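Source file: upload.csv. Holds: CSV, C-alpha atoms.
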chain,number,residue,atom,x,y,z
A,1,MET,CA,308.0,210.4,-157.1
A,2,THR,CA,304.3,209.9,-156.7
A,3,ASN,CA,303.9,209.8,-160.5
A,4,GLN,CA,306.7,207.3,-160.9
A,5,PHE,CA,305.3,205.2,-158.1
A,6,SER,CA,301.9,205.1,-159.8
A,7,MET,CA,303.5,204.2,-163.1
A,8,ILE,CA,305.1,201.1,-161.3
A,9,VAL,CA,302.1,200.0,-159.2
A,10,GLY,CA,299.6,200.3,-162.0
A,11,PRO,CA,301.2,197.8,-164.3
A,12,MET,CA,301.9,195.5,-161.3
A,13,ILE,CA,298.2,195.4,-160.4
A,14,ALA,CA,297.2,195.0,-164.1
A,15,GLY,CA,299.6,192.0,-164.4
A,16,PHE,CA,297.9,190.3,-161.4
A,17,ILE,CA,294.5,190.9,-162.9
A,18,ILE,CA,295.5,189.7,-166.3
A,19,HIS,CA,297.0,186.5,-164.8
A,20,TRP,CA,294.0,185.6,-162.6
A,21,LEU,CA,291.0,187.1,-164.6
A,22,GLY,CA,292.3,187.5,-168.2
A,23,TYR,CA,292.5,190.3,-170.7
A,24,THR,CA,288.7,190.7,-171.1
A,25,VAL,CA,288.3,191.7,-167.5
A,26,ILE,CA,291.2,194.2,-167.5
A,27,PHE,CA,290.0,195.9,-170.7
A,28,SER,CA,286.4,196.0,-169.6
A,29,ALA,CA,287.4,197.5,-166.2
A,30,THR,CA,289.5,200.1,-168.0
A,31,ALA,CA,286.7,201.1,-170.3
A,32,ILE,CA,284.2,201.4,-167.5
A,33,LEU,CA,286.6,203.6,-165.4
A,34,LEU,CA,287.5,205.8,-168.4
A,35,THR,CA,283.8,206.3,-169.1
A,36,ILE,CA,283.1,207.2,-165.4
A,37,ALA,CA,286.1,209.6,-165.5
A,38,GLY,CA,284.8,211.2,-168.7
A,39,VAL,CA,281.4,211.8,-167.2
A,40,LEU,CA,282.8,213.3,-164.1
A,41,VAL,CA,285.1,215.6,-166.1
A,42,TYR,CA,282.1,216.7,-168.2
A,43,MET,CA,280.2,217.6,-165.0
A,44,ILE,CA,282.9,220.0,-163.8
A,45,LYS,CA,281.7,223.6,-164.1
A,46,ALA,CA,284.5,226.0,-165.0
A,47,LYS,CA,284.1,229.7,-165.2
A,48,PRO,CA,284.6,231.0,-168.7
A,49,THR,CA,287.6,233.3,-169.3
A,50,ASN,CA,288.0,235.9,-172.0
A,51,GLN,CA,290.7,235.9,-174.6
A,52,THR,CA,292.6,238.8,-173.1
A,53,THR,CA,293.0,236.9,-169.8
A,54,GLU,CA,294.2,233.8,-171.6
A,55,ASP,CA,296.7,235.7,-173.6
A,56,ALA,CA,298.0,237.4,-170.4
A,57,GLN,CA,298.3,234.0,-168.7
A,58,GLU,CA,300.2,232.5,-171.7
A,59,GLY,CA,302.6,235.5,-171.7
A,60,SER,CA,303.1,235.2,-167.9
A,61,MET,CA,303.8,231.5,-168.2
A,62,MET,CA,306.4,232.0,-170.9
A,63,LYS,CA,308.1,234.8,-168.9
A,64,SER,CA,308.2,232.6,-165.8
A,65,LEU,CA,309.7,229.8,-167.8
A,66,ILE,CA,312.4,231.9,-169.2
A,67,GLU,CA,313.2,233.4,-165.8
A,68,GLY,CA,313.3,229.9,-164.3
A,69,ILE,CA,315.8,228.7,-167.0
A,70,LYS,CA,318.0,231.7,-166.4
A,71,TYR,CA,317.9,231.0,-162.6
A,72,VAL,CA,318.8,227.3,-163.0
A,73,LYS,CA,321.7,228.2,-165.4
A,74,SER,CA,323.2,230.6,-162.8
A,75,HIS,CA,323.4,227.8,-160.1
A,76,GLU,CA,325.9,225.1,-160.8
A,77,PHE,CA,324.1,222.6,-158.5
A,78,LEU,CA,320.7,223.1,-160.1
A,79,LYS,CA,322.2,223.0,-163.6
A,80,THR,CA,323.9,219.7,-162.8
A,81,LEU,CA,320.7,218.3,-161.3
A,82,LEU,CA,318.8,219.2,-164.5
A,83,LEU,CA,321.4,217.5,-166.7
A,84,ALA,CA,321.2,214.4,-164.4
A,85,SER,CA,317.4,214.4,-164.7
A,86,ILE,CA,317.7,214.6,-168.5
A,87,PHE,CA,320.2,211.6,-168.7
A,88,LEU,CA,318.1,209.6,-166.3
A,89,ASN,CA,314.8,210.0,-168.1
A,90,LEU,CA,316.3,209.7,-171.5
A,91,PHE,CA,318.3,206.5,-171.0
A,92,VAL,CA,316.5,204.7,-168.2
A,93,VAL,CA,312.7,205.3,-168.3
A,94,GLY,CA,312.0,204.1,-171.8
A,95,PRO,CA,313.9,200.8,-171.6
A,96,LEU,CA,312.9,200.1,-168.0
A,97,VAL,CA,309.2,201.0,-168.2
A,98,MET,CA,308.3,200.1,-171.8
A,99,GLY,CA,310.9,197.4,-172.2
A,100,LEU,CA,310.3,195.4,-169.0
A,101,PRO,CA,307.4,193.4,-170.5
A,102,LEU,CA,309.6,192.4,-173.4
A,103,PHE,CA,312.4,191.6,-171.0
A,104,VAL,CA,310.1,189.2,-169.1
A,105,LYS,CA,308.9,187.6,-172.3
A,106,ASN,CA,312.1,187.4,-174.3
A,107,ILE,CA,314.9,187.1,-171.7
A,108,LEU,CA,313.2,185.5,-168.7
A,109,ASN,CA,310.7,183.5,-170.7
A,110,GLY,CA,308.1,184.5,-168.1
A,111,SER,CA,304.4,185.3,-167.8
A,112,THR,CA,302.3,188.2,-166.7
A,113,LEU,CA,302.6,187.0,-163.2
A,114,ASP,CA,306.4,187.2,-163.4
A,115,PHE,CA,306.0,190.7,-164.8
A,116,SER,CA,303.9,191.6,-161.7
A,117,PHE,CA,306.6,190.2,-159.4
A,118,LEU,CA,309.2,192.5,-161.1
A,119,GLU,CA,307.0,195.6,-160.9
A,120,GLY,CA,306.2,194.7,-157.3
A,121,ALA,CA,309.9,194.5,-156.5
A,122,LEU,CA,310.5,197.9,-158.0
A,123,ALA,CA,307.5,199.5,-156.2
A,124,PHE,CA,308.5,197.9,-152.9
A,125,GLY,CA,312.0,199.1,-153.4
A,126,MET,CA,310.8,202.6,-153.8
A,127,LEU,CA,308.8,202.4,-150.7
A,128,THR,CA,311.8,200.9,-148.8
A,129,GLY,CA,314.1,203.7,-150.0
A,130,ALA,CA,311.7,206.4,-148.8
A,131,VAL,CA,311.4,204.7,-145.4
A,132,ILE,CA,315.2,204.4,-145.1
A,133,VAL,CA,315.8,208.0,-146.0
A,134,GLY,CA,313.1,209.1,-143.5
A,135,VAL,CA,314.7,207.1,-140.7
A,136,ILE,CA,318.3,208.2,-141.2
A,137,ASN,CA,317.3,211.8,-141.9
A,138,ILE,CA,320.3,212.9,-143.8
A,139,GLN,CA,321.4,216.5,-143.0
A,140,LYS,CA,324.9,216.7,-144.3
A,141,LYS,CA,326.6,215.7,-147.6
A,142,ARG,CA,323.2,215.3,-149.2
A,143,GLY,CA,324.7,216.0,-152.6
A,144,LEU,CA,327.3,213.3,-152.2
A,145,PHE,CA,324.6,210.9,-150.9
A,146,ALA,CA,322.4,211.6,-153.9
A,147,ILE,CA,325.1,211.0,-156.5
A,148,ILE,CA,326.3,207.8,-154.8
A,149,THR,CA,322.7,206.4,-154.7
A,150,LEU,CA,322.2,207.4,-158.3
A,151,GLY,CA,325.5,205.7,-159.2
A,152,ILE,CA,324.4,202.5,-157.4
A,153,MET,CA,321.1,202.6,-159.2
A,154,SER,CA,322.9,203.0,-162.6
A,155,LEU,CA,325.1,200.0,-161.8
A,156,CYS,CA,322.1,197.9,-160.8
A,157,TYR,CA,320.4,199.0,-164.1
A,158,LEU,CA,323.5,197.7,-165.9
A,159,ALA,CA,323.3,194.5,-163.9
A,160,LEU,CA,319.6,194.1,-164.8
A,161,SER,CA,320.6,193.9,-168.5
A,162,GLN,CA,322.7,190.9,-167.7
A,163,THR,CA,320.2,188.9,-165.6
A,164,THR,CA,318.6,185.8,-167.0
A,165,MET,CA,316.7,184.4,-164.0
A,166,LEU,CA,313.6,185.8,-162.3
A,167,TRP,CA,315.0,186.0,-158.8
A,168,GLN,CA,318.0,187.9,-160.0
A,169,SER,CA,315.9,190.4,-161.8
A,170,VAL,CA,313.6,190.8,-158.7
A,171,VAL,CA,316.6,191.5,-156.5
A,172,VAL,CA,318.1,194.0,-158.9
A,173,LEU,CA,314.8,195.8,-159.5
A,174,PHE,CA,314.3,196.1,-155.7
A,175,LEU,CA,317.7,197.7,-155.4
A,176,ILE,CA,316.9,200.0,-158.3
A,177,GLY,CA,313.7,201.1,-156.7
A,178,THR,CA,315.4,201.7,-153.3
A,179,MET,CA,318.2,203.8,-154.8
A,180,MET,CA,315.8,205.7,-157.0
A,181,SER,CA,313.7,206.8,-154.0
A,182,ALA,CA,316.7,207.3,-151.8
A,183,CYS,CA,318.2,209.7,-154.4
A,184,ASN,CA,315.0,211.6,-155.2
A,185,ILE,CA,314.1,212.6,-151.6
A,186,PRO,CA,317.3,214.4,-150.7
A,187,ILE,CA,317.4,216.1,-154.1
A,188,MET,CA,313.9,217.5,-153.5
A,189,ALA,CA,315.0,218.7,-150.0
A,190,ILE,CA,318.1,220.4,-151.4
A,191,ILE,CA,316.0,222.2,-154.1
A,192,GLN,CA,313.6,223.5,-151.5
A,193,SER,CA,316.5,224.7,-149.2
A,194,ILE,CA,318.6,226.6,-151.7
A,195,VAL,CA,316.0,228.1,-154.1
A,196,GLU,CA,314.3,231.3,-153.1
A,197,LYS,CA,310.6,231.1,-152.3
A,198,GLU,CA,309.5,233.2,-155.2
A,199,MET,CA,311.4,230.9,-157.6
A,200,ILE,CA,310.7,227.5,-156.2
A,201,GLY,CA,307.6,227.0,-158.4
A,202,ARG,CA,309.5,227.9,-161.6
A,203,VAL,CA,312.4,225.7,-160.8
A,204,MET,CA,310.3,222.7,-159.9
A,205,SER,CA,308.4,223.2,-163.2
A,206,ILE,CA,311.6,223.1,-165.2
A,207,VAL,CA,312.7,220.0,-163.4
A,208,SER,CA,309.4,218.3,-164.0
A,209,MET,CA,309.4,219.5,-167.6
A,210,SER,CA,312.9,218.0,-168.2
A,211,SER,CA,311.7,214.8,-166.6
A,212,MET,CA,308.2,214.2,-168.1
A,213,GLY,CA,309.0,215.9,-171.4
A,214,LEU,CA,311.8,213.4,-172.2
A,215,ILE,CA,309.8,210.3,-171.4
A,216,PRO,CA,308.1,210.1,-174.9
A,217,VAL,CA,311.6,210.7,-176.5
A,218,SER,CA,313.0,207.8,-174.4
A,219,TYR,CA,310.1,205.6,-175.5
A,220,ALA,CA,310.7,206.6,-179.1
A,221,LEU,CA,314.4,205.8,-178.9
A,222,THR,CA,313.7,202.4,-177.2
A,223,SER,CA,311.2,201.6,-180.0
A,224,LEU,CA,313.8,202.6,-182.6
A,225,PHE,CA,316.5,200.3,-181.2
A,226,LEU,CA,314.0,197.4,-180.8
A,227,ALA,CA,312.8,197.9,-184.4
A,228,ILE,CA,316.4,197.8,-185.7
A,229,GLY,CA,316.7,194.4,-184.0
A,230,PHE,CA,318.5,195.1,-180.7
A,231,PRO,CA,317.3,192.8,-177.9
A,232,ILE,CA,315.9,194.6,-174.9
A,233,SER,CA,318.8,193.6,-172.7
A,234,THR,CA,321.2,195.3,-175.1
A,235,VAL,CA,319.0,198.4,-175.2
A,236,MET,CA,319.2,198.5,-171.3
A,237,LEU,CA,323.0,198.1,-171.6
A,238,ILE,CA,323.2,200.9,-174.1
A,239,GLY,CA,321.2,203.1,-171.8
A,240,ALA,CA,323.2,202.3,-168.6
A,241,VAL,CA,326.7,203.0,-170.0
A,242,PRO,CA,326.2,206.8,-170.9
A,243,LEU,CA,324.5,207.4,-167.6
A,244,ILE,CA,327.3,205.8,-165.6
A,245,LEU,CA,329.9,207.8,-167.6
A,246,PHE,CA,328.0,211.0,-167.0
A,247,LEU,CA,327.8,210.4,-163.2
A,248,ILE,CA,331.6,209.7,-163.1
A,249,TYR,CA,332.1,212.9,-165.0
A,250,ILE,CA,330.1,215.1,-162.6
A,251,PHE,CA,331.5,213.4,-159.6
A,252,LEU,CA,335.0,214.2,-160.7
A,253,ARG,CA,334.5,217.6,-162.4
A,254,VAL,CA,331.7,219.2,-160.4
A,255,PRO,CA,333.0,219.4,-156.8
A,256,ILE,CA,329.9,221.2,-155.5
A,257,ILE,CA,328.0,217.9,-155.8
A,258,ARG,CA,330.4,216.2,-153.4
A,259,THR,CA,330.5,219.0,-150.8
A,260,PHE,CA,327.0,220.3,-150.8
A,261,ASP,CA,325.1,219.8,-147.6

Let me see whether you can do it: turn the structure in this file into structure tokens.
Amino acid sequence: MTNQFSMIVGPMIAGFIIHWLGYTVIFSATAILLTIAGVLVYMIKAKPTNQTTEDAQEGSMMKSLIEGIKYVKSHEFLKTLLLASIFLNLFVVGPLVMGLPLFVKNILNGSTLDFSFLEGALAFGMLTGAVIVGVINIQKKRGLFAIITLGIMSLCYLALSQTTMLWQSVVVLFLIGTMMSACNIPIMAIIQSIVEKEMIGRVMSIVSMSSMGLIPVSYALTSLFLAIGFPISTVMLIGAVPLILFLIYIFLRVPIIRTFD
């Protein structure tokens, strides 16, 4: 969730800087920070490793990955969670993250400041969701809670594709951020409670891989639909429908999701 939060807050801050100071300042600041980061990385002294050690590490990583996949496949809840992560990142991340600037420009006829408002609403919603989950401290029916919040998020995502006014988009994105965070926290708690200690690292790696690995694919699909001529609102609609249908399917056909504490 930290990575997702930074992906939201970063563009929001950039939007404010562009609006008040212009593109020259934001690109200059980015160049300076990248240069500083490059110098600091160059100064890091790492101990050299021989080829035998590297080969052994690669073999160990591949073995751990295979063992983790087998472990996830043997648990119905983890397998369903992995599929949900795939659908979420494939159909939501690209249109929402990459397409939001186009949505502001083409649908809302807004500016960089309006884009910052939308990004801020999403970030504030994620923070609000985390606070709510921390306060209520869900202990039972966490699987049901997660699937319900994910379903609400999907419906809000569908509603976002139909909004045409800034305040509507701000409200919907706030709800998306809230539900996204409220869903993510119980799921992480469930994983840590049901997975054996020696397998937790492998399972989390697979979940992260299914998440981050599909983001470029989602970007590519979004770009493809936009290049064909679909407006960004239609791309969001196309992404929301299969996600909603998938959630309905697992809610009806995977009872462990509804009953898992």

- prompt: Between A:Ser205, A:Tyr23, A:Gly213, A:Phe124, which one has atoms that come closest to A:Asn89, using all atoms listed in the file?
  reply: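 Smallest separation from A:Asn89 among the options: A:Gly213.
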
Polymer residues at most 10 Å from A:Met165, all atoms listed in the file, same-chain spacing of 5 or more positions, as a PyMOL selection string: chain A and resi 104+107-110+170

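Atom to atom, atom CA of A:Ser181 and atom CA of A:Leu224 stand 28.9 Å apart.
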
- request: Dig up all the protein and nucleic acid residues within 12 Å of (303.1, 190.2, -166.7) in the file frame, using only C-alpha atoms, and format them as a ChimeraX atom specification.
  value: /A:10-20,22-23,99-105,108-120

message: Just the number, please: distance in Å from atom CA of A:Ala182 to atom CA of A:Ala123, one decimal.
response: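 It comes out at 12.8 Å.
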
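When only C-alpha atoms are used to compute distances to A:Ile200, the closest of the residues A:Ser28, A:Thr35, A:Asn137, A:Ser64 turns out to be A:Ser64.
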
message: Report, in Å with one decimal, the straight-line distance from atom CA of A:Met188 to atom CA of A:Met204.
response: 9.0 Å

Residue neighbourhood A:Leu173, 12 Å, all atoms listed in the file, exclusion window fewer than 6 positions, as JSON, numbers by chain: {"A": [8, 96, 97, 100, 115, 116, 117, 118, 119, 120, 121, 122, 123, 124, 125, 126, 152, 153, 154, 155, 156, 157, 158, 159, 160, 161, 163, 166, 167, 179, 180]}

- prompt: For A:Ile250, which residue out of A:Gln168, A:Ser74, A:Thr80, A:Ser210 is the nearest one, using only C-alpha atoms?
  reply: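 For A:Ile250, the nearest of the given residues is A:Thr80.
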
field: A:Pro216 surroundings by all atoms listed in the file, 10 Å radius, close-in-sequence under 4 positions cut, as a list in words
entry: Asn89, Leu90, Val93, Gly94, Met212, Ala220, Leu221 and Thr222 of chain A

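Closest approach to A:Arg202 from the set A:Lys70, A:Lys140, A:Arg258, A:His75 is made by A:Lys70, with distances taken over all atoms listed in the file.
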
field: A:Ile256, A:Val235, A:Leu243, A:Leu34 ranked by distance to A:Leu144, top pick (using only C-alpha atoms)
entry: A:Ile256

Using the file's own x, y and z axes, what box holds all listed atoms of stretch 163-169 of chain A with 5 Å on each side, keeping edges along x, y and z, and what are its centre and edge lengths in Å to one decimal, as lines of an AutoDock Vina configuration file?
center_x = 316.9
center_y = 187.4
center_z = -162.9
size_x = 16.6
size_y = 16.0
size_z = 18.2
